[in-house]
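So this block is final-v6.txt, compact mmCIF, C-alpha atoms:
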```txt
# COMPACT_ATOMS: atom_id res chain seq x y z
CA MET A 1 -4.24 1.03 9.87
CA GLU A 2 -6.46 1.44 12.89
CA SER A 3 -10.17 1.53 12.09
CA PHE A 4 -11.83 4.20 14.18
CA SER A 5 -15.23 5.69 13.56
CA SER A 6 -16.60 8.44 15.74
CA LYS A 7 -20.07 7.81 14.25
CA SER A 8 -19.90 4.15 15.27
CA LEU A 9 -18.64 5.10 18.74
CA ALA A 10 -21.42 7.67 19.16
CA LEU A 11 -24.03 5.14 18.05
CA GLN A 12 -22.70 2.57 20.55
CA ALA A 13 -22.80 5.16 23.34
CA GLU A 14 -26.32 6.22 22.40
CA LYS A 15 -27.59 2.61 22.38
CA LYS A 16 -25.86 1.89 25.71
CA LEU A 17 -27.19 5.04 27.35
CA LEU A 18 -30.72 4.48 26.10
CA SER A 19 -30.70 0.82 27.17
CA LYS A 20 -29.79 1.89 30.72
CA MET A 21 -32.64 4.42 30.75
CA ALA A 22 -35.39 2.26 29.23
CA GLY A 23 -38.12 3.68 31.39
CA ARG A 24 -41.22 5.73 30.83
CA SER A 25 -39.38 9.04 30.25
CA VAL A 26 -37.12 7.70 27.49
CA ALA A 27 -39.94 5.68 25.96
CA HIS A 28 -41.87 8.91 25.36
CA LEU A 29 -38.98 10.17 23.20
CA PHE A 30 -39.50 7.27 20.78
CA ILE A 31 -42.99 5.98 21.58
CA ASP A 32 -46.13 8.07 21.10
CA GLU A 33 -49.00 8.31 23.59
CA THR A 34 -51.20 5.65 21.93
CA SER A 35 -48.34 3.16 21.78
CA SER A 36 -47.59 3.89 25.41
CA GLU A 37 -51.21 3.15 26.35
CA VAL A 38 -51.07 -0.17 24.46
CA LEU A 39 -47.81 -1.06 26.22
CA ASP A 40 -49.36 -0.21 29.60
CA GLU A 41 -52.29 -2.49 28.83
CA LEU A 42 -49.96 -5.28 27.68
CA TYR A 43 -48.14 -4.87 31.00
CA ARG A 44 -51.41 -5.29 32.90
CA VAL A 45 -52.30 -8.39 30.88
CA SER A 46 -48.84 -9.89 31.45
CA LYS A 47 -48.98 -9.11 35.16
CA GLU A 48 -52.40 -10.71 35.58
CA TYR A 49 -51.54 -13.73 33.45
CA THR A 50 -48.13 -14.47 35.01
CA GLN A 51 -49.11 -13.32 38.51
CA SER A 52 -45.67 -11.70 38.58
CA ARG A 53 -45.11 -7.96 38.61
CA SER A 54 -41.36 -8.35 38.00
CA GLN A 55 -41.84 -10.70 35.04
CA ALA A 56 -44.36 -8.32 33.45
CA GLN A 57 -42.05 -5.36 34.00
CA ARG A 58 -39.11 -7.27 32.50
CA VAL A 59 -40.95 -8.17 29.29
CA ILE A 60 -42.20 -4.60 28.74
CA LYS A 61 -38.78 -3.16 29.59
CA ASP A 62 -37.19 -5.56 27.08
CA LEU A 63 -39.79 -4.53 24.48
CA ILE A 64 -39.02 -0.85 25.03
CA LYS A 65 -35.25 -1.42 24.88
CA VAL A 66 -35.56 -3.29 21.60
CA ALA A 67 -37.91 -0.69 20.10
CA VAL A 68 -35.59 2.16 21.09
CA LYS A 69 -32.48 0.40 19.76
CA VAL A 70 -34.12 -0.42 16.43
CA ALA A 71 -35.36 3.18 16.18
CA VAL A 72 -31.85 4.50 16.86
CA LEU A 73 -30.38 2.16 14.23
CA HIS A 74 -32.99 3.20 11.68
CA ARG A 75 -32.67 6.90 12.44
CA SER A 76 -28.88 6.67 12.19
CA GLY A 77 -29.09 5.07 8.74
CA CYS A 78 -27.31 1.88 9.83
CA PHE A 79 -29.43 -0.50 7.76
CA SER A 80 -28.31 -1.63 4.31
CA PRO A 81 -30.81 -1.75 1.43
CA SER A 82 -31.42 -5.46 2.03
CA GLU A 83 -31.96 -4.78 5.74
CA LEU A 84 -34.36 -1.96 4.88
CA ALA A 85 -36.32 -4.52 2.85
CA LEU A 86 -36.39 -6.74 5.95
CA ALA A 87 -37.58 -3.74 7.99
CA ALA A 88 -40.42 -3.19 5.52
CA SER A 89 -41.29 -6.89 5.70
CA PHE A 90 -41.29 -6.72 9.50
CA ARG A 91 -43.56 -3.68 9.48
CA GLN A 92 -45.95 -5.40 7.06
CA LYS A 93 -46.02 -8.59 9.14
CA LEU A 94 -46.54 -6.62 12.36
CA ARG A 95 -49.37 -4.70 10.70
CA GLN A 96 -50.91 -8.00 9.55
CA GLY A 97 -50.65 -9.28 13.13
CA ALA A 98 -52.35 -6.16 14.48
CA MET A 99 -55.19 -6.44 11.95
CA THR A 100 -55.60 -10.14 12.79
CA ALA A 101 -55.67 -9.36 16.52
CA LEU A 102 -58.31 -6.68 15.87
CA SER A 103 -60.39 -9.04 13.78
CA PHE A 104 -60.26 -11.72 16.47
CA GLY A 105 -61.26 -9.12 19.05
CA GLU A 106 -64.19 -7.76 17.05
CA VAL A 107 -65.70 -10.91 15.55
CA ASP A 108 -66.93 -13.44 18.10
CA PHE A 109 -65.79 -17.07 17.86
CA THR A 110 -63.01 -16.37 15.32
CA PHE A 111 -60.02 -16.43 17.68
CA GLU A 112 -57.30 -18.98 16.92
CA ALA A 113 -54.24 -18.82 19.15
CA ALA A 114 -52.10 -20.71 16.62
CA VAL A 115 -52.68 -18.08 13.91
CA LEU A 116 -51.68 -15.15 16.12
CA ALA A 117 -48.76 -17.08 17.65
CA SER A 118 -47.50 -17.92 14.16
CA LEU A 119 -47.63 -14.27 13.05
CA LEU A 120 -45.73 -13.17 16.16
CA THR A 121 -43.11 -15.88 15.62
CA GLU A 122 -42.65 -14.73 12.02
CA CYS A 123 -42.23 -11.14 13.27
CA ARG A 124 -39.61 -12.33 15.77
CA ASP A 125 -37.64 -14.15 13.08
CA ILE A 126 -37.70 -11.19 10.68
CA LEU A 127 -36.62 -8.77 13.43
CA LEU A 128 -33.78 -11.08 14.49
CA ALA A 129 -32.58 -11.22 10.87
CA LEU A 130 -32.82 -7.41 10.64
CA VAL A 131 -30.67 -6.71 13.71
CA GLN A 132 -28.39 -9.74 13.41
CA HIS A 133 -25.28 -7.66 12.64
CA HIS A 134 -26.20 -4.59 14.70
CA LEU A 135 -27.21 -5.75 18.18
CA THR A 136 -25.57 -7.99 20.76
CA PRO A 137 -26.66 -11.54 21.59
CA LYS A 138 -28.14 -10.12 24.78
CA SER A 139 -30.44 -7.90 22.70
CA HIS A 140 -31.30 -10.90 20.52
CA GLY A 141 -32.30 -12.67 23.73
CA ARG A 142 -34.55 -9.73 24.63
CA ILE A 143 -36.26 -9.99 21.24
CA ARG A 144 -36.85 -13.71 21.76
CA HIS A 145 -38.11 -13.07 25.30
CA VAL A 146 -40.67 -10.49 24.19
CA PHE A 147 -42.02 -12.38 21.20
CA ASP A 148 -42.00 -15.76 22.94
CA HIS A 149 -43.91 -14.25 25.86
CA PHE A 150 -46.63 -12.67 23.74
CA SER A 151 -46.91 -15.61 21.33
CA ASP A 152 -47.58 -18.03 24.21
CA PRO A 153 -50.88 -19.76 23.29
CA GLY A 154 -51.91 -19.77 26.96
CA LEU A 155 -51.49 -16.00 27.23
CA LEU A 156 -53.27 -15.41 23.94
CA THR A 157 -56.17 -17.68 24.92
CA ALA A 158 -56.49 -15.89 28.26
CA LEU A 159 -56.36 -12.48 26.55
CA TYR A 160 -59.27 -13.40 24.28
CA GLY A 161 -61.16 -15.06 27.13
CA PRO A 162 -63.84 -13.51 29.35
CA ASP A 163 -61.49 -12.46 32.18
CA PHE A 164 -59.50 -10.08 29.99
CA THR A 165 -62.31 -8.46 27.99
CA GLN A 166 -61.61 -4.97 29.34
CA HIS A 167 -57.87 -5.23 28.57
CA LEU A 168 -58.51 -6.63 25.10
CA GLY A 169 -60.90 -3.77 24.33
CA LYS A 170 -58.30 -1.16 25.26
CA ILE A 171 -55.57 -2.94 23.30
CA CYS A 172 -57.84 -3.18 20.23
CA ASP A 173 -58.76 0.51 20.52
CA GLY A 174 -55.06 1.42 20.61
CA LEU A 175 -54.17 -0.88 17.72
CA ARG A 176 -57.03 0.52 15.63
CA LYS A 177 -55.84 4.08 16.30
CA LEU A 178 -52.22 3.17 15.43
CA LEU A 179 -53.35 1.51 12.19
CA ASP A 180 -55.61 4.44 11.27
CA GLU A 181 -52.76 6.91 11.85
CA GLY A 182 -50.34 4.80 9.81
CA LYS A 183 -48.00 4.32 12.78
CA LEU A 184 -48.20 0.55 12.63
```

Please re-express this file's structure in structure tokens.
Amino acid sequence: MESFSSKSLALQAEKKLLSKMAGRSVAHLFIDETSSEVLDELYRVSKEYTQSRSQAQRVIKDLIKVAVKVAVLHRSGCFSPSELALAASFRQKLRQGAMTALSFGEVDFTFEAAVLASLLTECRDILLALVQHHLTPKSHGRIRHVFDHFSDPGLLTALYGPDFTQHLGKICDGLRKLLDEGKL
């Protein structure tokens, strides 16, 4: 018997459509204003660090695509109970990373690139396990691209250095607000 599922087909179409439109307008459907401000600041940091507008745009676009796809999967109830446990673990690890980043930003001489890089790598691995059966290898590559970019010790060291103080302040303000509102 032929296995056909209109729900599965609709979900595929929704993911495909949203991945093609991963710009600012679609991001606002899934990403609130504070998150958008943090993403804009991360774009500026990436652009300054890499000296490449296109590379910075690519990493943020990949981040938005992944966030939208995971949100669609979650909203559509596609995750099994064990995957929902992974999602909770991912959220907890991401929250721990945000609190660590805030702490490093607020307390002088506490920054350790290896600690933050390790937390981001753990987040990457949990997210890859979560979406393993739901997203394509191309999407898995996007996840690796985003997390590998932001866990780069050189980027992290630059971010916490004197040249990026203004960007770090804005990112920390956004992270603090997201944590306070329970969105992270």

_I'd like the neighbourhood of Ser151 in chain A as an MDAnalysis selection string, where a residue qualifies if any of its atoms comes within 12 Å (using only C-alpha atoms), though same-chain residues fewer than 4 positions away should be ignored._
chainID A and resid 46 97 101 112:124 144:147 155:159

Output the selection as a PDB file, in the coordinates of the input - C-alpha atoms for each residue.
```pdb
ATOM      1  CA  SER A  46     -48.840  -9.890  31.450  1.00  0.00           C
ATOM      2  CA  GLY A  97     -50.650  -9.280  13.130  1.00  0.00           C
ATOM      3  CA  ALA A 101     -55.670  -9.360  16.520  1.00  0.00           C
ATOM      4  CA  GLU A 112     -57.300 -18.980  16.920  1.00  0.00           C
ATOM      5  CA  ALA A 113     -54.240 -18.820  19.150  1.00  0.00           C
ATOM      6  CA  ALA A 114     -52.100 -20.710  16.620  1.00  0.00           C
ATOM      7  CA  VAL A 115     -52.680 -18.080  13.910  1.00  0.00           C
ATOM      8  CA  LEU A 116     -51.680 -15.150  16.120  1.00  0.00           C
ATOM      9  CA  ALA A 117     -48.760 -17.080  17.650  1.00  0.00           C
ATOM     10  CA  SER A 118     -47.500 -17.920  14.160  1.00  0.00           C
ATOM     11  CA  LEU A 119     -47.630 -14.270  13.050  1.00  0.00           C
ATOM     12  CA  LEU A 120     -45.730 -13.170  16.160  1.00  0.00           C
ATOM     13  CA  THR A 121     -43.110 -15.880  15.620  1.00  0.00           C
ATOM     14  CA  GLU A 122     -42.650 -14.730  12.020  1.00  0.00           C
ATOM     15  CA  CYS A 123     -42.230 -11.140  13.270  1.00  0.00           C
ATOM     16  CA  ARG A 124     -39.610 -12.330  15.770  1.00  0.00           C
ATOM     17  CA  ARG A 144     -36.850 -13.710  21.760  1.00  0.00           C
ATOM     18  CA  HIS A 145     -38.110 -13.070  25.300  1.00  0.00           C
ATOM     19  CA  VAL A 146     -40.670 -10.490  24.190  1.00  0.00           C
ATOM     20  CA  PHE A 147     -42.020 -12.380  21.200  1.00  0.00           C
ATOM     21  CA  LEU A 155     -51.490 -16.000  27.230  1.00  0.00           C
ATOM     22  CA  LEU A 156     -53.270 -15.410  23.940  1.00  0.00           C
ATOM     23  CA  THR A 157     -56.170 -17.680  24.920  1.00  0.00           C
ATOM     24  CA  ALA A 158     -56.490 -15.890  28.260  1.00  0.00           C
ATOM     25  CA  LEU A 159     -56.360 -12.480  26.550  1.00  0.00           C
TER      26      LEU A 159
END
```

_Shell around Thr50 in chain A at 12 Å using all atoms listed in the file, local window under 5 positions removed, as a ChimeraX atom specification_ = /A:42-45,55-59,149-150,152,154-155,158-159

Just the selected residues (C-alpha atoms), exported as a compact mmCIF listing (two decimals), in the frame of the given file, please.
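Final file, result_37.txt:
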```
# COMPACT_ATOMS: atom_id res chain seq x y z
CA LEU A 42 -49.96 -5.28 27.68
CA TYR A 43 -48.14 -4.87 31.00
CA ARG A 44 -51.41 -5.29 32.90
CA VAL A 45 -52.30 -8.39 30.88
CA GLN A 55 -41.84 -10.70 35.04
CA ALA A 56 -44.36 -8.32 33.45
CA GLN A 57 -42.05 -5.36 34.00
CA ARG A 58 -39.11 -7.27 32.50
CA VAL A 59 -40.95 -8.17 29.29
CA HIS A 149 -43.91 -14.25 25.86
CA PHE A 150 -46.63 -12.67 23.74
CA ASP A 152 -47.58 -18.03 24.21
CA GLY A 154 -51.91 -19.77 26.96
CA LEU A 155 -51.49 -16.00 27.23
CA ALA A 158 -56.49 -15.89 28.26
CA LEU A 159 -56.36 -12.48 26.55
```

*asked:* Please compute the CA of Asp163 in chain A-CA of Arg142 in chain A distance, one decimal, in Å.
replied: 28.1 Å

*Would you mind reading off the distance between CA of Arg53 in chain A and CA of Lys170 in chain A, one decimal, in Å?*
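Computing the Euclidean distance for CA of Arg53 in chain A and CA of Lys170 in chain A yields 20.0 Å.
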
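When CA of Ala67 in chain A is paired with CA of Ile31 in chain A, their separation reads 8.5 Å.
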
*Excluding Ala129 in chain A and residues on its chain fewer than 3 positions from it, collect all residues at most 10 Å away from it, counting all atoms listed in the file, and give them as a PyMOL selection string.*
chain A and resi 83+86-87+90+123-126+132-134+140

*Of the candidates A:Lys177, A:His167, A:Lys65, A:Lys183, which shows the shortest atom-to-atom distance to Gly141 in chain A, using only C-alpha atoms?*
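Closest to Gly141 in chain A, using only C-alpha atoms: A:Lys65.
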
*Return the single residue from A:Leu135, A:Leu94, A:Cys172, A:Leu128 that is closest to Leu184 in chain A, with distances computed using only C-alpha atoms.*
A:Leu94

*Mind checking which residues fall within 9 Å of Ser35 in chain A, counting all atoms listed in the file, ignoring those fewer than 5 positions away in the same chain, and posting them as a list in words?*
Asp40, Gly174, Leu175 and Leu178 of chain A

_From A:Asp180, A:Tyr49, A:Ser139, A:Pro162, residue lying nearest Val68 in chain A [all atoms listed in the file]_ =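 Closest residue, counting all atoms listed in the file: A:Ser139.
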
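Restricting the calculation to all atoms listed in the file, the smallest distance between Ser36 in chain A and any of A:Gln51, A:Ile64, A:Ser82, A:Thr136 is found for A:Ile64.
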
Residues within 9 Å of Ile171 in chain A, all atoms listed in the file, excluding chain neighbours under 5 positions, as a short mmCIF file (atom, residue, chain, number, x, y, z; two decimals) with C-alpha atoms, keeping the file's coordinate frame:
```cif
data_model
loop_
_atom_site.label_atom_id
_atom_site.label_comp_id
_atom_site.auth_asym_id
_atom_site.auth_seq_id
_atom_site.Cartn_x
_atom_site.Cartn_y
_atom_site.Cartn_z
CA GLU A 37 -51.21 3.15 26.35
CA VAL A 38 -51.07 -0.17 24.46
CA LEU A 39 -47.81 -1.06 26.22
CA GLU A 41 -52.29 -2.49 28.83
CA LEU A 42 -49.96 -5.28 27.68
CA LEU A 102 -58.31 -6.68 15.87
CA GLN A 166 -61.61 -4.97 29.34
CA ARG A 176 -57.03 0.52 15.63
#
```

*Taking into account all atoms listed in the file, which residue in the set A:Gly105, A:Gly77, A:Gln96, A:Ile143 is nearest to Phe164 in chain A?*
A:Gly105

_Top pick for closest residue to Phe104 in chain A, considering A:Leu168, A:Val72, A:Ile60, A:Val66 and counting only C-alpha atoms_ = A:Leu168
